[in-house]
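Undergrad: To be precise about what I am sending: the file is called start-v5.pdb and holds PDB, C-alpha atoms.
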MODEL        1
ATOM      1  CA  MET M   1       3.898   9.990   2.754  1.00  0.00           C
ATOM      2  CA  ASN M   2       2.832  11.469  -0.553  1.00  0.00           C
ATOM      3  CA  ARG M   3       1.121  14.827  -1.141  1.00  0.00           C
ATOM      4  CA  ARG M   4      -2.402  13.406  -1.203  1.00  0.00           C
ATOM      5  CA  ASN M   5      -1.873  11.649   2.120  1.00  0.00           C
ATOM      6  CA  ALA M   6      -0.495  14.859   3.616  1.00  0.00           C
ATOM      7  CA  TYR M   7      -3.508  16.863   2.407  1.00  0.00           C
ATOM      8  CA  LEU M   8      -5.975  14.243   3.627  1.00  0.00           C
ATOM      9  CA  ILE M   9      -4.370  14.134   7.047  1.00  0.00           C
ATOM     10  CA  THR M  10      -4.194  17.951   7.246  1.00  0.00           C
ATOM     11  CA  ALA M  11      -7.819  18.365   6.161  1.00  0.00           C
ATOM     12  CA  ALA M  12      -9.005  15.653   8.527  1.00  0.00           C
ATOM     13  CA  LEU M  13      -7.080  17.138  11.441  1.00  0.00           C
ATOM     14  CA  ALA M  14      -8.480  20.599  10.715  1.00  0.00           C
ATOM     15  CA  LEU M  15     -11.986  19.174  10.607  1.00  0.00           C
ATOM     16  CA  PHE M  16     -11.476  17.148  13.761  1.00  0.00           C
ATOM     17  CA  SER M  17     -10.018  20.022  15.775  1.00  0.00           C
ATOM     18  CA  ALA M  18     -13.183  22.048  15.132  1.00  0.00           C
ATOM     19  CA  VAL M  19     -15.443  19.296  16.529  1.00  0.00           C
ATOM     20  CA  PRO M  20     -16.017  19.197  20.297  1.00  0.00           C
ATOM     21  CA  ALA M  21     -15.131  15.982  22.095  1.00  0.00           C
ATOM     22  CA  LEU M  22     -17.987  13.511  22.146  1.00  0.00           C
ATOM     23  CA  ALA M  23     -16.763  11.211  24.901  1.00  0.00           C
ATOM     24  CA  ALA M  24     -15.310  11.412  28.368  1.00  0.00           C
ATOM     25  CA  PRO M  25     -12.672  14.116  28.763  1.00  0.00           C
ATOM     26  CA  ALA M  26     -10.064  11.453  29.565  1.00  0.00           C
ATOM     27  CA  VAL M  27      -9.816  10.579  25.847  1.00  0.00           C
ATOM     28  CA  ASP M  28      -7.834  13.069  23.769  1.00  0.00           C
ATOM     29  CA  HIS M  29      -9.529  12.444  20.416  1.00  0.00           C
ATOM     30  CA  ASN M  30      -7.206  14.735  18.485  1.00  0.00           C
ATOM     31  CA  ARG M  31      -4.165  12.836  19.753  1.00  0.00           C
ATOM     32  CA  GLU M  32      -5.892   9.498  19.083  1.00  0.00           C
ATOM     33  CA  PHE M  33      -6.676  10.601  15.529  1.00  0.00           C
ATOM     34  CA  GLN M  34      -3.120  11.711  14.775  1.00  0.00           C
ATOM     35  CA  ALA M  35      -1.657   8.529  16.232  1.00  0.00           C
ATOM     36  CA  CYS M  36      -4.134   6.324  14.383  1.00  0.00           C
ATOM     37  CA  LEU M  37      -3.470   7.981  11.011  1.00  0.00           C
ATOM     38  CA  THR M  38       0.267   7.559  11.445  1.00  0.00           C
ATOM     39  CA  LEU M  39      -0.175   3.932  12.460  1.00  0.00           C
ATOM     40  CA  ALA M  40      -2.531   3.299   9.508  1.00  0.00           C
ATOM     41  CA  GLU M  41       0.253   4.068   7.057  1.00  0.00           C
ATOM     42  CA  LYS M  42       2.971   2.130   8.870  1.00  0.00           C
ATOM     43  CA  ARG M  43       1.151  -0.837  10.426  1.00  0.00           C
ATOM     44  CA  PRO M  44      -2.430  -0.983   9.121  1.00  0.00           C
ATOM     45  CA  ALA M  45      -3.421  -4.174  10.957  1.00  0.00           C
ATOM     46  CA  GLU M  46      -2.504  -2.593  14.289  1.00  0.00           C
ATOM     47  CA  ALA M  47      -4.293   0.608  13.278  1.00  0.00           C
ATOM     48  CA  LEU M  48      -7.512  -1.341  12.689  1.00  0.00           C
ATOM     49  CA  GLU M  49      -7.367  -2.714  16.224  1.00  0.00           C
ATOM     50  CA  SER M  50      -6.449   0.671  17.677  1.00  0.00           C
ATOM     51  CA  ALA M  51      -9.271   2.399  15.794  1.00  0.00           C
ATOM     52  CA  GLN M  52     -11.779  -0.190  17.021  1.00  0.00           C
ATOM     53  CA  THR M  53     -10.685   0.379  20.613  1.00  0.00           C
ATOM     54  CA  TRP M  54     -10.942   4.128  20.073  1.00  0.00           C
ATOM     55  CA  LEU M  55     -14.369   3.716  18.460  1.00  0.00           C
ATOM     56  CA  ASN M  56     -15.534   1.804  21.535  1.00  0.00           C
ATOM     57  CA  ARG M  57     -14.365   4.740  23.673  1.00  0.00           C
ATOM     58  CA  GLY M  58     -16.341   7.301  21.661  1.00  0.00           C
ATOM     59  CA  GLY M  59     -14.094   7.999  18.650  1.00  0.00           C
ATOM     60  CA  GLY M  60     -17.094   8.220  16.328  1.00  0.00           C
ATOM     61  CA  ASP M  61     -16.700   9.046  12.649  1.00  0.00           C
ATOM     62  CA  HIS M  62     -13.034   9.916  13.001  1.00  0.00           C
ATOM     63  CA  ALA M  63     -12.257   6.458  14.368  1.00  0.00           C
ATOM     64  CA  ARG M  64     -14.208   5.045  11.411  1.00  0.00           C
ATOM     65  CA  LEU M  65     -12.142   7.225   9.060  1.00  0.00           C
ATOM     66  CA  CYS M  66      -8.975   5.816  10.549  1.00  0.00           C
ATOM     67  CA  GLN M  67     -10.336   2.293  10.073  1.00  0.00           C
ATOM     68  CA  ALA M  68     -11.095   3.029   6.426  1.00  0.00           C
ATOM     69  CA  LEU M  69      -7.611   4.422   5.839  1.00  0.00           C
ATOM     70  CA  ALA M  70      -6.050   1.424   7.580  1.00  0.00           C
ATOM     71  CA  LEU M  71      -8.052  -0.865   5.291  1.00  0.00           C
ATOM     72  CA  PHE M  72      -6.778   1.138   2.319  1.00  0.00           C
ATOM     73  CA  HIS M  73      -3.161   0.777   3.418  1.00  0.00           C
ATOM     74  CA  LYS M  74      -3.736  -2.904   4.171  1.00  0.00           C
ATOM     75  CA  GLY M  75      -4.851  -3.406   0.563  1.00  0.00           C
ATOM     76  CA  ASP M  76      -8.574  -4.004   1.165  1.00  0.00           C
ATOM     77  CA  PHE M  77      -9.521  -1.366  -1.395  1.00  0.00           C
ATOM     78  CA  THR M  78     -13.150  -2.385  -1.925  1.00  0.00           C
ATOM     79  CA  THR M  79     -14.051  -2.164   1.756  1.00  0.00           C
ATOM     80  CA  ALA M  80     -12.008   1.013   2.178  1.00  0.00           C
ATOM     81  CA  GLY M  81     -13.707   2.653  -0.814  1.00  0.00           C
ATOM     82  CA  ALA M  82     -17.181   1.840   0.479  1.00  0.00           C
ATOM     83  CA  ARG M  83     -16.417   3.119   3.979  1.00  0.00           C
ATOM     84  CA  LEU M  84     -14.775   6.293   2.696  1.00  0.00           C
ATOM     85  CA  GLU M  85     -17.800   6.985   0.468  1.00  0.00           C
ATOM     86  CA  GLU M  86     -20.046   6.658   3.531  1.00  0.00           C
ATOM     87  CA  LEU M  87     -17.891   8.993   5.611  1.00  0.00           C
ATOM     88  CA  ALA M  88     -17.267  11.702   2.995  1.00  0.00           C
ATOM     89  CA  PRO M  89     -20.701  13.365   3.216  1.00  0.00           C
ATOM     90  CA  VAL M  90     -20.766  13.071   7.017  1.00  0.00           C
ATOM     91  CA  LEU M  91     -17.332  14.588   7.552  1.00  0.00           C
ATOM     92  CA  GLY M  92     -17.694  16.929   4.576  1.00  0.00           C
ATOM     93  CA  LYS M  93     -20.960  18.587   5.572  1.00  0.00           C
ATOM     94  CA  ASP M  94     -19.162  21.367   7.462  1.00  0.00           C
ATOM     95  CA  ASP M  95     -15.885  21.298   5.530  1.00  0.00           C
ATOM     96  CA  PRO M  96     -16.304  20.560   1.808  1.00  0.00           C
ATOM     97  CA  LYS M  97     -12.525  20.390   1.279  1.00  0.00           C
ATOM     98  CA  ALA M  98     -12.175  17.639   3.858  1.00  0.00           C
ATOM     99  CA  GLY M  99     -15.128  15.808   2.314  1.00  0.00           C
ATOM    100  CA  ALA M 100     -13.631  16.161  -1.149  1.00  0.00           C
ATOM    101  CA  SER M 101     -10.314  14.849   0.102  1.00  0.00           C
ATOM    102  CA  ILE M 102     -11.987  11.805   1.651  1.00  0.00           C
ATOM    103  CA  LEU M 103     -14.045  11.239  -1.481  1.00  0.00           C
ATOM    104  CA  GLY M 104     -10.875  11.521  -3.557  1.00  0.00           C
ATOM    105  CA  ARG M 105      -9.294   8.787  -1.448  1.00  0.00           C
ATOM    106  CA  ALA M 106     -12.439   6.691  -1.973  1.00  0.00           C
ATOM    107  CA  GLY M 107     -11.999   7.146  -5.726  1.00  0.00           C
ATOM    108  CA  TRP M 108      -8.383   6.063  -5.450  1.00  0.00           C
ATOM    109  CA  ALA M 109      -9.476   2.990  -3.486  1.00  0.00           C
ATOM    110  CA  TRP M 110     -12.002   2.083  -6.184  1.00  0.00           C
ATOM    111  CA  LEU M 111      -9.338   2.503  -8.867  1.00  0.00           C
ATOM    112  CA  ARG M 112      -7.009   0.214  -6.929  1.00  0.00           C
ATOM    113  CA  ALA M 113      -9.894  -2.262  -6.564  1.00  0.00           C
ATOM    114  CA  GLY M 114     -10.379  -2.208 -10.357  1.00  0.00           C
ATOM    115  CA  ASP M 115     -13.804  -0.514 -10.307  1.00  0.00           C
ATOM    116  CA  ASN M 116     -13.296   2.419 -12.667  1.00  0.00           C
ATOM    117  CA  VAL M 117     -17.002   3.235 -12.923  1.00  0.00           C
ATOM    118  CA  ARG M 118     -17.363   3.706  -9.187  1.00  0.00           C
ATOM    119  CA  ALA M 119     -14.084   5.636  -9.027  1.00  0.00           C
ATOM    120  CA  GLU M 120     -15.242   8.115 -11.658  1.00  0.00           C
ATOM    121  CA  ARG M 121     -18.681   8.813 -10.239  1.00  0.00           C
ATOM    122  CA  GLY M 122     -17.435   9.877  -6.797  1.00  0.00           C
ATOM    123  CA  PRO M 123     -16.816  13.617  -7.251  1.00  0.00           C
ATOM    124  CA  THR M 124     -20.084  14.209  -9.083  1.00  0.00           C
ATOM    125  CA  ALA M 125     -22.060  12.459  -6.353  1.00  0.00           C
ATOM    126  CA  ALA M 126     -20.881  14.680  -3.491  1.00  0.00           C
ATOM    127  CA  PRO M 127     -24.118  15.804  -1.774  1.00  0.00           C
ATOM    128  CA  TRP M 128     -22.487  18.752   0.010  1.00  0.00           C
ATOM    129  CA  ARG M 129     -20.950  20.098  -3.198  1.00  0.00           C
ATOM    130  CA  SER M 130     -21.824  23.695  -3.930  1.00  0.00           C
ATOM    131  CA  SER M 131     -22.042  25.166  -7.390  1.00  0.00           C
ATOM    132  CA  ARG M 132     -18.705  26.900  -6.728  1.00  0.00           C
ATOM    133  CA  THR M 133     -16.814  23.696  -5.951  1.00  0.00           C
ATOM    134  CA  THR M 134     -13.946  23.036  -8.341  1.00  0.00           C
ATOM    135  CA  TRP M 135     -12.757  19.463  -8.700  1.00  0.00           C
ATOM    136  CA  ILE M 136      -9.114  18.962  -9.478  1.00  0.00           C
ATOM    137  CA  CYS M 137      -8.224  15.541 -10.794  1.00  0.00           C
TER     138      CYS M 137
ENDMDL
END
Please go through the file and, once you have read it, give me the structure as structure tokens.
TA:
Amino acid sequence: MNRRNAYLITAALALFSAVPALAAPAVDHNREFQACLTLAEKRPAEALESAQTWLNRGGGDHARLCQALALFHKGDFTTAGARLEELAPVLGKDDPKAGASILGRAGWAWLRAGDNVRAERGPTAAPWRSSRTTWIC
């Protein structure tokens, strides 16, 4: 796992732990999220299935984030980039660092997909960005 992956996972976990559970108490969403992120890096095809099952049980945007990251690790960079762009403002509205991290991964996906224009516009398009936000590239 490289540094960017570690930061993305840490930021996503911090964001997720602050959100109350949206489904039945029997589902431990924090545990599901951690397991899904780990699986996404190691076995992305299985992670897609696991995230879909979790989504059906109320996983919400975090299950969708896991799906997007699994698509990224599977090599479907175009789909991953589009999904990450959709999720960044939703998950970044309360935590701009988490949103920036997700948007950064979207940019990386677009670069890997060969779409440099879309990769470069990401950070400037962040709707939650405050005037004090500093982008590090």
Undergrad: Give the centre and edge lengths of an axis-aligned box, in Å to one decimal, that holds all listed atoms of range 26-43 of chain M with 3 Å on each side, as JSON.
TA:
{"center_x": -3.5, "center_y": 6.9, "center_z": 18.3, "size_x": 19.0, "size_y": 21.6, "size_z": 28.5}
Undergrad: Within 10 Å of range 110-116 of chain M, which residues of range 54-76 of chain M come that close, and what is the closest atom pair and distance in Å for each? Count only C-alpha atoms and give it as a tab-separated table.
TA:
residue	atom	partner	partner_atom	distance
M:Phe72	CA	M:Arg112	CA	9.3
M:Gly75	CA	M:Arg112	CA	8.6
M:Asp76	CA	M:Ala113	CA	8.0
Undergrad: M:Leu48, M:Ser101, M:Trp108, M:Cys36: which is nearest Phe77 in chain M, counting all atoms listed in the file?
TA: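 Going through M:Leu48, M:Ser101, M:Trp108, M:Cys36 one by one, the smallest distance to Phe77 in chain M is for M:Trp108.
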Undergrad: Compare M:Ala63, M:Leu103, M:Ala35, M:Val27 by their minimum atom-to-atom distance to Glu120 in chain M, counting all atoms listed in the file, and give me the closest one.
TA: M:Leu103
Undergrad: CA of Ala106 in chain M and CA of Gln34 in chain M are how many Å apart?
TA: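 Spanning CA of Ala106 in chain M to CA of Gln34 in chain M is a straight-line distance of 19.8 Å.
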Undergrad: Please, what distance in Å, to one decimal, runs between CA of Gly104 in chain M and CA of Arg57 in chain M?
TA: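 About the pair CA of Gly104 in chain M and CA of Arg57 in chain M: they are 28.3 Å apart.
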Undergrad: Please return, as a ChimeraX atom specification, all polymer residues that have at least one atom within 12 Å of the point (-0.7, 4.0, 10.3); use only C-alpha atoms and the file's own coordinate frame.
TA: /M:1,5,9,32-51,65-74
Undergrad: CA of Ala98 in chain M to CA of Thr78 in chain M: how many Å, to one decimal?
TA: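 Between CA of Ala98 in chain M and CA of Thr78 in chain M the gap works out to 20.9 Å.
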Undergrad: What residues come out when you apply the PyMOL selection byres ((chain M and resi 86) around 12) to this file, written as number ranges by chain?
TA: M: 61, 64-65, 68, 79-85, 87-92, 99, 102-103, 106, 122, 125-127
